[in-house]
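Worksheet for the structure shown next.
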Number of protein chains: 6
Amino acid sequence: MAELRASQIESIVVSALEEDLGQGDVTTEALIPSDLEAKASILIKADGVLAGIEVAEIVFHQVDSSLRFEKLAQDGMRVLPGDTIAVVYGKAASILKAERVALNFLQHLSGIATATAEYAGAVSGTRARILDTRKTTPGLRLLEKYAVRMGGGQNHRYNLGDGVLIKDNHLAVLRGGGVGLGEAVKKARENAPLDLRIEVEVETVEQVREALDAGADIILLDNMTTTDMHHVVELVKGRTLTEASGGITLDNVRAVAETGVDFISIGALTHSAKALDISLGLEFD
Amino acid sequence: MAELRASQIESIVVSALEEDLGQGDVTTEALIPSDLEAKASILIKADGVLAGIEVAEIVFHQVDSSLRFEKLAQDGMRVLPGDTIAVVYGKAASILKAERVALNFLQHLSGIATATAEYAGAVSGTRARILDTRKTTPGLRLLEKYAVRMGGGQNHRYNLGDGVLIKDNHLAVLRGGGVGLGEAVKKARENAPLDLRIEVEVETVEQVREALDAGADIILLDNMTTTDMHHVVELVKGRTLTEASGGITLDNVRAVAETGVDFISIGALTHSAKALDISLGLEFD
Amino acid sequence: MAELRASQIESIVVSALEEDLGQGDVTTEALIPSDLEAKASILIKADGVLAGIEVAEIVFHQVDSSLRFEKLAQDGMRVLPGDTIAVVYGKAASILKAERVALNFLQHLSGIATATAEYAGAVSGTRARILDTRKTTPGLRLLEKYAVRMGGGQNHRYNLGDGVLIKDNHLAVLRGGGVGLGEAVKKARENAPLDLRIEVEVETVEQVREALDAGADIILLDNMTTTDMHHVVELVKGRTLTEASGGITLDNVRAVAETGVDFISIGALTHSAKALDISLGLEFD
Amino acid sequence: MAELRASQIESIVVSALEEDLGQGDVTTEALIPSDLEAKASILIKADGVLAGIEVAEIVFHQVDSSLRFEKLAQDGMRVLPGDTIAVVYGKAASILKAERVALNFLQHLSGIATATAEYAGAVSGTRARILDTRKTTPGLRLLEKYAVRMGGGQNHRYNLGDGVLIKDNHLAVLRGGGVGLGEAVKKARENAPLDLRIEVEVETVEQVREALDAGADIILLDNMTTTDMHHVVELVKGRTLTEASGGITLDNVRAVAETGVDFISIGALTHSAKALDISLGLEFD
Amino acid sequence: MAELRASQIESIVVSALEEDLGQGDVTTEALIPSDLEAKASILIKADGVLAGIEVAEIVFHQVDSSLRFEKLAQDGMRVLPGDTIAVVYGKAASILKAERVALNFLQHLSGIATATAEYAGAVSGTRARILDTRKTTPGLRLLEKYAVRMGGGQNHRYNLGDGVLIKDNHLAVLRGGGVGLGEAVKKARENAPLDLRIEVEVETVEQVREALDAGADIILLDNMTTTDMHHVVELVKGRTLTEASGGITLDNVRAVAETGVDFISIGALTHSAKALDISLGLEFD
Amino acid sequence: MAELRASQIESIVVSALEEDLGQGDVTTEALIPSDLEAKASILIKADGVLAGIEVAEIVFHQVDSSLRFEKLAQDGMRVLPGDTIAVVYGKAASILKAERVALNFLQHLSGIATATAEYAGAVSGTRARILDTRKTTPGLRLLEKYAVRMGGGQNHRYNLGDGVLIKDNHLAVLRGGGVGLGEAVKKARENAPLDLRIEVEVETVEQVREALDAGADIILLDNMTTTDMHHVVELVKGRTLTEASGGITLDNVRAVAETGVDFISIGALTHSAKALDISLGLEFD
């Protein structure tokens, strides 16, 4: 899976800075002499996993390419309160203009990486891998999926164009037209781009059989009991991949993983992760 | 404060759809006849306050302007599990393409409105009003600040260009150069755009006095004890506005409000709100 | 596979019009009264398959939304010299401004559809389907792949992000590092996005065995003799899909198809198709 | 006529790369270690004239500015099968990502330069110069007109805004309103921008006289016999420029040139040129 | 010469509105009920020629498409203090948001049209026509050249790409390399796009002869005395067009025109025109 | 107040160059050898204050980053006829392409700075400061407000979003709904963003009292006599800021300033300033 592509991040960063700068930082311009030098430390204030340090670096350099950004940590590392993850040297005015946007990215992405790492830790030792979903914040999918990888998760399809997933709503509509699950899977094999696997969402063991017979490549088990998941894993015997989804929490994720499913996908990784507390302290240099 | 401006939302919606559609919805295109009609209900699955229904409407219309979107609720309304907030009629394929993006906006914004409403409810009856901060998700500030208003909060400055706020980091750098808080406030009065009020962050009652003497318009009390806030409110006697900030939780927000401060600002409203659970059910029409 | 998405075409059309209009059509503006009405016929001047009529319609409407565009043919239809495929009514000046860009799209896309139809016709009755490649004209891939479909072909992956294809150059580099074809296929299965099938390019029957053992989903037979292709098809026995590529011409394509391969991919469909001769005749209405 | 302007090419290159990269090169990312170095040779596989080597260089540098691109040939040079026109050193992954887009530009533009050179060669020794038309591929006019120059052709007007050309369709509409060719030429002289010459399309010798009398600067002879062209050239005696157009092929172009016309314009240079066969070979470095 | 193209104006208008609206009209939003209806009159407060009324209309409709804009005057008309040129009906809030931008366009463009009309009036009855230059306000050339036409002037080349004008600085550099004026004109005839006339700037009658001999199409007389201009006009005898330029004022323009030159170009039309005083009066409807 | 932000200027410069270059500088390309070196001097031809030299530098570097631009003067400096403010060394062709756009910016901005300096000089020794307005040229507000600062003026609000100013048209509409000036000021205090001061436009001394009572922060005196302004200044006694506006000329500005108002705002600074005469002389180097 791709590392972050600089050009795409830059355009996100530029937009974020425009959003935050407006007509310019009136406070800093009124107060801080433009040639005043300072040193800033970026400090961790809670346990977590870091993500976004290179984004933060781009933020500072986008504001002022003469700032020196010293990374003291890498994305994907565990961090603790009191850790200094980077030091920035240069014009105080530039650091002040970049501060909030850099922290907003760092806190949001590290929050996602931290949540992912909690789930990944909870299933360690099982075959299950933690997957994200398309339940991401509009405009930030690229970065959020990157943060999931930094937390030890794996990415599901990026968008509707690069993965076939026949969901309950597809099946509901097709059923109304007299088309069943198996037939849907076959139709997808025939019509979908030849480079893509076929995944289908099921709710019962019976549907799993139908999906297998129709040649599905991946089966998504939606809101199934762990007992049923066990049955499914035995039934499938590795002929397809299996993915559990729906109602997964830190409390039940290990039990789900122990059923033997290949993947567990969790929307909350990206839509409800708490920001990791990170701050910037500035001092006269 | 401005209502949402359609042209700005449209460009955010278009980007979000491009992000989610990629080369097109290969599953739907492989399976769903392009003229098949369906009906979709958007369902609330948790207690909360709604925000984003018009954004969702724009999403559906952007995908297919022939879809009929019937709003059954308004932004700012309280919603309960089981509530149907909108029904969409039209091409099943179009609804399926719009579904995820529409829900991503609705869940994120309603999550923020819901969190804001909890804080606003906790301080009801006091003079304090709940404010947001610049700790927003990059690219979504406009919508997130709208969601705060829908939850009963009020917006602080939109960006660095439309409000003067002398923060601890400004003061730290100035102090290094021998410039104190009072002098900073005076300098800001002189140099900042004439249309803007001057707000300054303080940590001690002593600093409040300095800010008052220097003619600050608003004083931000950072991480102060409620006892100190009481002192400050008495000291200020309405000559300036006061804003409490730092470490505010649902547990302590009422106590803070009861000190008599004018505003309480809370970053978590926008950076750590949990998505409100909302889903879309499709049926053959 | 997706039909054309209007918003994407519109931006291509707008760019093409800007490219062709520059500071405005100085000839037409100097000569043609702005309220003069005319009727234009779009005429086929060579045998072929039509593609791009809706793009042409968008061109005319983009220049002047009051033009009436009457389609007399559909994309994908066979056309003959003398056929009128559309009639446009409205301001003469608008028609003259749109003429060249509309024809440029029509001629280029119909040229591709026509070339594709020749290959598709040549293999009719066999199981082989004609595929395009990524050898498209920069900026026009969406439209060119659409034209291939209109000519009866099928699309291979749209870009590097939505299909895994291990090519000779990947293998050459990996071989230098001591990694063989089978190992590469396994590595791809493990690391590539879970939604994608794994395709690998081979040159010998021996490599086909290696690919099969490693679990490839599709095998690309590069520049193989038809004798070898026969062997491969028997060897594979439907366990994977097979695709022939390299040096395919109208003269040899049927022989290739008769080996039993599933797909035949041809770069010339998009990089060397001759424009179909189409013109516009204007008359005073 | 302008050499290529870097900023314009860069935006075309960036679009082409976005079109081809999508969410990233999943194959290369799954297989090729990101620090693996390689050497690539760009090889000619057919006789032709080179065009686009600087565009290719921009492609590689856009993907990875650390790649070293050694040009071994210049645009406008004749090339033969087996010629290596450039060598690229650097990260294998970067070269693989850039390969297809670089080749697509090179093959397309060299195809146009090659076709142009064939026509230019066929008329060498005559006064006639080969011109292109506005029958270009949407979005690539700048590059295609550059390729025509590289092949030894000359450019006609870039777009509708920088040349006056009264065509058959203008005349047809004007005729309907009772305005003849001579009157049209005069009207154009009066109304068109003062910096532009007036060119008019004619089909008969009689019309040539009318155009001459009305003061046309250039006369376009549309689909005229070479006998008629002879008459025209004698009639005009250098008072205006003459341009032959319509139905020109490699078989008849010399005969047309020998009539003494100043220019011969050929749409097929840009709308139907065959791509020149060029490939990239990668090796472990 | 082209009338205004709506799509180009719209993008200029959208930018201007974004520039003026920022985060929204905070005054109007704080005070004016969003459903309050009003009527606005646009009033002329000085003698002049109107230009920009359609731009103003686009401004109002861009802010709120439900506003009704009644034009009571046309661009190019003379206006007097007290004239109401348009009335706008609809939401007061929308009118207030559009007011300043609409007036800024109207005042600026009418200022240019008014200045142009003064010069055009001063030369009426002579053969001379008033031309603009490239000395326009960055970003507004299209509109400013339109305003010149509305004032009765004619446009010189739009930009460096659609007219050949050999200026003093070209000649100075060429002279350094031993190339004279006549040679420069010949070189331009040979190398410049075939659709363009060749204009050359001269300072002496001697240079006029050189230009004539070399086949220039237009001769620009820079800062020449009217006596010399007389000589030139007699010398040229209509074989080329002549254009006077440099130091033209309302006081001397008639004398220049009476020398018989074809054109007089004046930079001040666009770079120093005084805004025409125009205001908007709002009333409760 | 912010210095110029490079990224914003660059996009304005790029647009201006695109506007002026079109398909390229056909004259220079036809005549000037691409490797010819030259030296250009930028010369002042009238008394004034310089503004825009850094914009000019960006123009030259945008056209050709290898040009050497030596600044011999700074924005804000007084300049005299004959002063050379910069020398440019490098490719003659590049200098010729950049010349007009660089001069257009310099002349326009220096014109504004010069006009501002005249007004600022006229009030020197008084407490009054010269302010600009929103009556700027669409698209150039950022630069024009910068030029005002260079001329010794101060900026009023940048746009409708960063300052509250209750104008006559607001009051007219509110009056229709029965809301008076005092009530409007109070409503604004309550509803407008908390970071902004409240300014209100008045025409009579009576209204000043109403504004004071309602707690206005700034009072705009529209078209008041100097006698009335005197009264107002005495009445206000520094409790609010005062701003005079309307009908200000160089003849009366000192009298206005001597009334003791804090600010005098003048639309003509930006909408009617005469361009400062500046030229570029090129010589063979």
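Ligands are numbered from 1 in the order shown, residues from 1 within each chain, and chains are lettered A, B, ... in the order they appear in the structure tokens.
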Could you list, with a cut-off of 10 Å and counting only C-alpha atoms, the residues of chain B near chain C, each shown with its nearest atom pair and the distance in Å rounded to one decimal, rows sorted by chain and ascending number, as JSON lines?
{"residue": "B:Val14", "atom": "CA", "partner": "C:Ser7", "partner_atom": "CA", "distance": 10.0}
{"residue": "B:Gly22", "atom": "CA", "partner": "C:Asp162", "partner_atom": "CA", "distance": 9.7}
{"residue": "B:Gln23", "atom": "CA", "partner": "C:Tyr158", "partner_atom": "CA", "distance": 7.7}
{"residue": "B:Gly24", "atom": "CA", "partner": "C:Ala2", "partner_atom": "CA", "distance": 6.1}
{"residue": "B:Asp25", "atom": "CA", "partner": "C:Ala2", "partner_atom": "CA", "distance": 7.4}
{"residue": "B:Val26", "atom": "CA", "partner": "C:Met1", "partner_atom": "CA", "distance": 6.4}
{"residue": "B:Thr27", "atom": "CA", "partner": "C:Met1", "partner_atom": "CA", "distance": 9.1}
{"residue": "B:Thr28", "atom": "CA", "partner": "C:Ala2", "partner_atom": "CA", "distance": 9.2}
{"residue": "B:Glu29", "atom": "CA", "partner": "C:Ala2", "partner_atom": "CA", "distance": 6.0}
{"residue": "B:Ala30", "atom": "CA", "partner": "C:Met1", "partner_atom": "CA", "distance": 6.7}
{"residue": "B:Ser34", "atom": "CA", "partner": "C:Glu3", "partner_atom": "CA", "distance": 9.9}
{"residue": "B:Gln62", "atom": "CA", "partner": "C:Ser7", "partner_atom": "CA", "distance": 9.8}
{"residue": "B:Val63", "atom": "CA", "partner": "C:Ser7", "partner_atom": "CA", "distance": 9.7}
Residues just named, written with N, CA, C and O atoms as a PDB file, in the first residue's frame:
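Output saved as selection.pdb:
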ATOM      1  N   VAL B  14     -18.220  18.111  -3.759  1.00  0.00           N
ATOM      2  CA  VAL B  14     -17.678  17.578  -5.008  1.00  0.00           C
ATOM      3  C   VAL B  14     -16.354  16.856  -4.737  1.00  0.00           C
ATOM      4  O   VAL B  14     -16.117  15.743  -5.222  1.00  0.00           O
ATOM      5  N   GLY B  22     -13.786   7.674  -7.150  1.00  0.00           N
ATOM      6  CA  GLY B  22     -12.673   7.208  -7.984  1.00  0.00           C
ATOM      7  C   GLY B  22     -13.149   7.034  -9.416  1.00  0.00           C
ATOM      8  O   GLY B  22     -13.840   7.882  -9.965  1.00  0.00           O
ATOM      9  N   GLN B  23     -12.814   5.923  -9.997  1.00  0.00           N
ATOM     10  CA  GLN B  23     -13.194   5.697 -11.404  1.00  0.00           C
ATOM     11  C   GLN B  23     -14.650   5.275 -11.557  1.00  0.00           C
ATOM     12  O   GLN B  23     -15.038   4.829 -12.637  1.00  0.00           O
ATOM     13  N   GLY B  24     -15.438   5.381 -10.503  1.00  0.00           N
ATOM     14  CA  GLY B  24     -16.843   5.011 -10.621  1.00  0.00           C
ATOM     15  C   GLY B  24     -17.151   3.845  -9.705  1.00  0.00           C
ATOM     16  O   GLY B  24     -16.264   3.122  -9.283  1.00  0.00           O
ATOM     17  N   ASP B  25     -18.417   3.676  -9.383  1.00  0.00           N
ATOM     18  CA  ASP B  25     -18.851   2.650  -8.434  1.00  0.00           C
ATOM     19  C   ASP B  25     -18.961   1.321  -9.180  1.00  0.00           C
ATOM     20  O   ASP B  25     -20.006   0.969  -9.718  1.00  0.00           O
ATOM     21  N   VAL B  26     -17.858   0.580  -9.198  1.00  0.00           N
ATOM     22  CA  VAL B  26     -17.808  -0.625 -10.030  1.00  0.00           C
ATOM     23  C   VAL B  26     -18.809  -1.677  -9.596  1.00  0.00           C
ATOM     24  O   VAL B  26     -19.296  -2.458 -10.419  1.00  0.00           O
ATOM     25  N   THR B  27     -19.127  -1.728  -8.315  1.00  0.00           N
ATOM     26  CA  THR B  27     -20.086  -2.737  -7.845  1.00  0.00           C
ATOM     27  C   THR B  27     -21.475  -2.427  -8.374  1.00  0.00           C
ATOM     28  O   THR B  27     -22.147  -3.279  -8.975  1.00  0.00           O
ATOM     29  N   THR B  28     -21.901  -1.205  -8.151  1.00  0.00           N
ATOM     30  CA  THR B  28     -23.237  -0.824  -8.589  1.00  0.00           C
ATOM     31  C   THR B  28     -23.367  -0.926 -10.099  1.00  0.00           C
ATOM     32  O   THR B  28     -24.378  -1.406 -10.627  1.00  0.00           O
ATOM     33  N   GLU B  29     -22.326  -0.507 -10.783  1.00  0.00           N
ATOM     34  CA  GLU B  29     -22.396  -0.563 -12.240  1.00  0.00           C
ATOM     35  C   GLU B  29     -22.442  -1.993 -12.767  1.00  0.00           C
ATOM     36  O   GLU B  29     -23.026  -2.263 -13.816  1.00  0.00           O
ATOM     37  N   ALA B  30     -21.836  -2.894 -12.023  1.00  0.00           N
ATOM     38  CA  ALA B  30     -21.849  -4.292 -12.461  1.00  0.00           C
ATOM     39  C   ALA B  30     -23.188  -4.968 -12.172  1.00  0.00           C
ATOM     40  O   ALA B  30     -23.548  -5.942 -12.815  1.00  0.00           O
ATOM     41  N   SER B  34     -29.440   0.450 -14.677  1.00  0.00           N
ATOM     42  CA  SER B  34     -29.335   1.890 -14.480  1.00  0.00           C
ATOM     43  C   SER B  34     -30.696   2.572 -14.350  1.00  0.00           C
ATOM     44  O   SER B  34     -30.782   3.702 -13.901  1.00  0.00           O
ATOM     45  N   GLN B  62     -25.906  16.254  -6.089  1.00  0.00           N
ATOM     46  CA  GLN B  62     -24.684  16.369  -6.873  1.00  0.00           C
ATOM     47  C   GLN B  62     -24.464  15.073  -7.669  1.00  0.00           C
ATOM     48  O   GLN B  62     -24.047  15.111  -8.824  1.00  0.00           O
ATOM     49  N   VAL B  63     -24.775  13.955  -7.066  1.00  0.00           N
ATOM     50  CA  VAL B  63     -24.623  12.668  -7.764  1.00  0.00           C
ATOM     51  C   VAL B  63     -25.672  12.546  -8.863  1.00  0.00           C
ATOM     52  O   VAL B  63     -25.388  12.070  -9.962  1.00  0.00           O
TER      53      VAL B  63
END
For stretch 92-107 of chain E, work out the shell of residues within 8 Å, counting only C-alpha atoms and skipping chain neighbours fewer than 6 positions away, then give it as a PyMOL selection string. (chain E and resi 16-17+20-21+25+28-29+32-40+50-53+55-57+59-60+63-64+67+275-280) or (chain F and resi 134-138+169-170+173)
Quick one: residues within 8 Å of E:Ile85, only C-alpha atoms counted, chain neighbours fewer than 3 positions away excluded, as a list of chain:residue names? E:Ser41, E:Ile42, E:Leu43, E:Ile44, E:Lys71, E:Leu72, E:Ala73
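For stretch 192-198 of chain E, the set of protein, DNA and RNA residues having any atom at most 6 Å away, when counting only C-alpha atoms and skipping those fewer than 2 positions along the same chain, is Gly163, Asp195, Leu196 and Arg197 of chain D; Val164, Ala188, Arg189, Ala216 and Asp217 of chain E; Ala30 of chain F.
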Would you kindly return, as a PyMOL selection string, each protein, DNA or RNA residue with an atom no farther than 12 Å from any atom of D:Arg175, considering only C-alpha atoms and excluding same-chain residues fewer than 3 positions away? (chain C and resi 31-32+38+282-285) or (chain D and resi 168-172+178-184)
Who sits within 10 Å of A:Asn252, only C-alpha atoms, same chain under 4 positions skipped, as a list in words: Ala122, Thr226, Gly247, Ile248, Val256 and Ala257 of chain A
Where does DSSP see strand (DSSP E or B) in stretch 35-270 of chain E, if you list the residues as number ranges by chain? E: 37-44, 48-49, 68-71, 78-79, 84-91, 129-131, 154, 164-166, 196, 198-202, 218-222, 241-245, 263-265
For B:Ala115: contacts at 9 Å, only C-alpha atoms, fewer than 4 positions along chain excluded, given as a ChimeraX atom specification: /B:48-49,110-111,119-120,148,151,268-270,273-274
